[in-house]
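Contents: one structure, followed by commentary.
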Amino acid sequence: MRARDMHKLPLFVGRVKYNPDGTLTCVRTGKPKGSKTSAGYIKLAWNRGEKGFVECYAHRFIWYLHHGEIAEGLQVDHINLDKTDNRIENLRLVNVDYNNQNRKFKGYSWNKKMGQFKAQILVNGKSMYLGSFDKEEDAREAYIQAKLKYHGGTTKHSLEI
């Protein structure tokens, strides 16, 4: 989380209540709080009148409620990849590289010019070519083996392609 965003999280303490199912409710009204963004995350918003409008992501706020500040360079990750599942047991702190590895990504594509499937993987921010294959299954297997080798602690979900 960017350091400039950390100051927003305490503003919601006392105004929003965390529920064990990962949802949030307004303390004053008891109504559900948060709306889904186009990226699929739940976002909180508060119009403070003349003081301006404040927004923050629900998963970051929930982490803050349970564990305090989020250190520079770390992000709150959804373990099961469901961006709306904000139960605290589904959240963890990870660095940017690990969070990027936790995305669903095929790791191969059809190369029309070559008439084969090309497999590649991102390692330390750089694309690594894994080879070209006649069969889609072979390109997929090359990607999975590289994923296990280079991203050792990867989640099961990132291998489901």
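Residue numbering restarts at 1 in every chain; chains get A, B, ... in the order shown in the structure tokens, and ligands count up from 1 in that same order.
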
For this session: Determine, counting only C-alpha atoms, which protein, DNA and RNA residues have an atom within 10 Å of an atom of Ala45 in chain A; residues of the same chain fewer than 4 positions away are not included. Present the result as a PyMOL selection string.
Result: chain A and resi 12+33-35+53-58

For this session: List the neighbours of range 125-134 of chain A out to 9 Å using only C-alpha atoms; skip same-chain residues closer than 4 positions along the sequence, and give me the result as a ChimeraX atom specification.
Result: /A:97,111,114-121,138-139,142-143,146

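Omitting Thr84 in chain A and its sequence neighbours fewer than 5 positions away, and counting only C-alpha atoms, the residues within 12 Å are Asp21, Gly22, Thr23, Leu24, Gly34, Ser35, Lys36, Thr37, Ser38, Ala39, Gly40, Tyr41, Ile42, Lys43, Tyr57, Ala58, His59, Asp77, His78, Ile79, Asn90 and Leu91 of chain A.
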
Exercise. What is the CA of Asn80 in chain A-CA of Asn99 in chain A distance in Å, reported with one decimal?
Worked result: 12.1 Å

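Rounded to one decimal, CA of His66 in chain A and CA of Lys31 in chain A lie 21.4 Å from each other.
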
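Take the candidates A:Pro10, A:Val96, A:Lys51, A:Arg15 and check each one against Trp63 in chain A using only C-alpha atoms; the shortest distance goes to A:Pro10.
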
Residues within 12 Å of range 68-70 of chain A, only C-alpha atoms, excluding chain neighbours under 3 positions, as a short mmCIF file (atom, residue, chain, number, x, y, z; two decimals) with N, CA, C and O atoms, in the first residue's frame:
data_model
loop_
_atom_site.label_atom_id
_atom_site.label_comp_id
_atom_site.auth_asym_id
_atom_site.auth_seq_id
_atom_site.Cartn_x
_atom_site.Cartn_y
_atom_site.Cartn_z
N MET A 1 0.84 -1.19 0.00
CA MET A 1 0.00 0.00 0.00
C MET A 1 0.88 1.24 0.00
O MET A 1 1.89 1.28 0.68
N ARG A 2 0.48 2.20 -0.76
CA ARG A 2 1.22 3.45 -0.80
C ARG A 2 1.10 4.16 0.53
O ARG A 2 0.02 4.24 1.13
N ALA A 3 2.21 4.71 1.00
CA ALA A 3 2.23 5.40 2.29
C ALA A 3 1.21 6.54 2.33
O ALA A 3 0.59 6.79 3.36
N ARG A 4 0.99 7.20 1.20
CA ARG A 4 0.07 8.33 1.20
C ARG A 4 -1.39 7.91 1.40
O ARG A 4 -2.24 8.73 1.69
N ASP A 5 -1.70 6.62 1.26
CA ASP A 5 -3.06 6.13 1.46
C ASP A 5 -3.32 5.63 2.88
O ASP A 5 -4.47 5.45 3.26
N MET A 6 -2.27 5.37 3.65
CA MET A 6 -2.44 4.81 5.00
C MET A 6 -3.28 5.71 5.90
O MET A 6 -4.03 5.22 6.73
N HIS A 7 -3.16 7.01 5.75
CA HIS A 7 -3.88 7.93 6.63
C HIS A 7 -5.40 7.84 6.48
O HIS A 7 -6.14 8.25 7.37
N LYS A 8 -5.88 7.28 5.37
CA LYS A 8 -7.32 7.18 5.15
C LYS A 8 -7.97 6.10 6.01
O LYS A 8 -9.14 6.22 6.39
N LEU A 9 -7.25 5.04 6.30
CA LEU A 9 -7.85 3.89 7.00
C LEU A 9 -8.39 4.24 8.38
O LEU A 9 -9.52 3.85 8.71
N PRO A 10 -7.65 4.97 9.23
CA PRO A 10 -8.20 5.29 10.56
C PRO A 10 -9.48 6.12 10.52
O PRO A 10 -10.27 6.09 11.47
N VAL A 13 -12.51 3.95 11.17
CA VAL A 13 -12.63 3.26 12.46
C VAL A 13 -13.73 3.94 13.28
O VAL A 13 -13.78 5.16 13.38
N HIS A 59 -10.70 -4.55 1.86
CA HIS A 59 -9.72 -5.53 2.33
C HIS A 59 -8.56 -4.86 3.06
O HIS A 59 -8.05 -5.39 4.04
N ARG A 60 -8.16 -3.68 2.62
CA ARG A 60 -7.09 -2.95 3.31
C ARG A 60 -7.57 -2.45 4.68
O ARG A 60 -6.84 -2.51 5.66
N PHE A 61 -8.80 -1.95 4.71
CA PHE A 61 -9.36 -1.48 5.97
C PHE A 61 -9.50 -2.62 6.97
O PHE A 61 -9.15 -2.48 8.14
N ILE A 62 -9.97 -3.77 6.52
CA ILE A 62 -10.15 -4.92 7.42
C ILE A 62 -8.80 -5.39 7.95
O ILE A 62 -8.66 -5.69 9.14
N TRP A 63 -7.78 -5.42 7.09
CA TRP A 63 -6.44 -5.79 7.56
C TRP A 63 -5.97 -4.79 8.63
O TRP A 63 -5.47 -5.17 9.68
N TYR A 64 -6.19 -3.51 8.36
CA TYR A 64 -5.80 -2.46 9.30
C TYR A 64 -6.51 -2.63 10.65
O TYR A 64 -5.88 -2.49 11.71
N LEU A 65 -7.79 -2.94 10.63
CA LEU A 65 -8.54 -3.15 11.87
C LEU A 65 -7.94 -4.27 12.72
O LEU A 65 -7.90 -4.17 13.95
N GLY A 73 5.49 -1.17 0.62
CA GLY A 73 5.92 -2.24 -0.27
C GLY A 73 5.12 -3.52 -0.14
O GLY A 73 5.33 -4.47 -0.88
N LEU A 74 4.19 -3.57 0.82
CA LEU A 74 3.36 -4.77 1.00
C LEU A 74 1.93 -4.49 0.54
O LEU A 74 1.47 -3.34 0.57
N GLN A 75 1.26 -5.55 0.14
CA GLN A 75 -0.13 -5.45 -0.31
C GLN A 75 -0.95 -6.50 0.40
O GLN A 75 -0.44 -7.54 0.80
N VAL A 76 -2.24 -6.23 0.55
CA VAL A 76 -3.17 -7.20 1.13
C VAL A 76 -3.69 -8.06 -0.02
O VAL A 76 -4.24 -7.55 -0.99
N ASP A 77 -3.48 -9.37 0.11
CA ASP A 77 -3.82 -10.33 -0.93
C ASP A 77 -5.00 -11.18 -0.49
O ASP A 77 -5.11 -11.53 0.68
N ARG A 92 -3.94 -11.83 3.52
CA ARG A 92 -2.55 -11.95 3.97
C ARG A 92 -1.75 -10.80 3.35
O ARG A 92 -2.11 -10.26 2.31
N LEU A 93 -0.64 -10.47 4.00
CA LEU A 93 0.26 -9.46 3.46
C LEU A 93 1.30 -10.14 2.59
O LEU A 93 1.90 -11.15 3.00
N VAL A 94 1.52 -9.61 1.40
CA VAL A 94 2.53 -10.14 0.49
C VAL A 94 3.22 -8.97 -0.20
O VAL A 94 2.69 -7.86 -0.23
N ASN A 95 4.39 -9.25 -0.79
CA ASN A 95 5.04 -8.20 -1.56
C ASN A 95 4.40 -8.14 -2.95
O ASN A 95 3.63 -9.02 -3.33
#

Tell me which protein, DNA and RNA residues are within 7 Å of Lys17 in chain A, counting only C-alpha atoms, leaving out same-chain ones fewer than 5 positions away, and put them as an mmCIF file with all heavy atoms, in the first residue's frame.
data_model
loop_
_atom_site.group_PDB
_atom_site.id
_atom_site.type_symbol
_atom_site.label_atom_id
_atom_site.label_comp_id
_atom_site.auth_asym_id
_atom_site.auth_seq_id
_atom_site.Cartn_x
_atom_site.Cartn_y
_atom_site.Cartn_z
ATOM 1 N N LEU A 24 -18.971 -5.428 5.769
ATOM 2 C CA LEU A 24 -18.885 -4.258 6.639
ATOM 3 C C LEU A 24 -20.256 -3.602 6.722
ATOM 4 O O LEU A 24 -21.013 -3.603 5.744
ATOM 5 C CB LEU A 24 -17.865 -3.260 6.076
ATOM 6 C CG LEU A 24 -16.431 -3.779 5.999
ATOM 7 C CD1 LEU A 24 -15.577 -2.860 5.144
ATOM 8 C CD2 LEU A 24 -15.847 -3.922 7.387
ATOM 9 N N THR A 25 -20.586 -3.063 7.893
ATOM 10 C CA THR A 25 -21.843 -2.340 8.058
ATOM 11 C C THR A 25 -21.568 -0.977 8.673
ATOM 12 O O THR A 25 -20.588 -0.788 9.396
ATOM 13 C CB THR A 25 -22.848 -3.101 8.959
ATOM 14 O OG1 THR A 25 -22.194 -3.451 10.179
ATOM 15 C CG2 THR A 25 -23.359 -4.354 8.299
ATOM 16 N N CYS A 26 -22.433 -0.052 8.384
ATOM 17 C CA CYS A 26 -22.340 1.289 8.948
ATOM 18 C C CYS A 26 -22.759 1.222 10.421
ATOM 19 O O CYS A 26 -23.814 0.663 10.750
ATOM 20 C CB CYS A 26 -23.255 2.230 8.171
ATOM 21 S SG CYS A 26 -23.268 3.914 8.815
ATOM 22 N N VAL A 27 -21.950 1.741 11.314
ATOM 23 C CA VAL A 27 -22.247 1.703 12.751
ATOM 24 C C VAL A 27 -23.518 2.494 13.049
ATOM 25 O O VAL A 27 -24.360 2.058 13.818
ATOM 26 C CB VAL A 27 -21.049 2.248 13.572
ATOM 27 C CG1 VAL A 27 -21.428 2.450 15.019
ATOM 28 C CG2 VAL A 27 -19.847 1.334 13.441
#

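You will find CA of Glu137 in chain A at 18.3 Å from CA of Lys149 in chain A.
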
For this session: Give the strand (DSSP E) residues of chain A, as DSSP finds them on the backbone, and put them as number ranges by chain.
Result: A: 16-18, 24-26, 32-33, 35-36, 42-47, 53-57, 74-78, 91-95, 108-111, 116-123, 126-133

Exercise. What are the DSSP alpha helix (DSSP H) residues of chain A, as a VMD selection string?
Worked result: chain A and resid 3 to 6 58 to 67 96 to 101 136 to 150
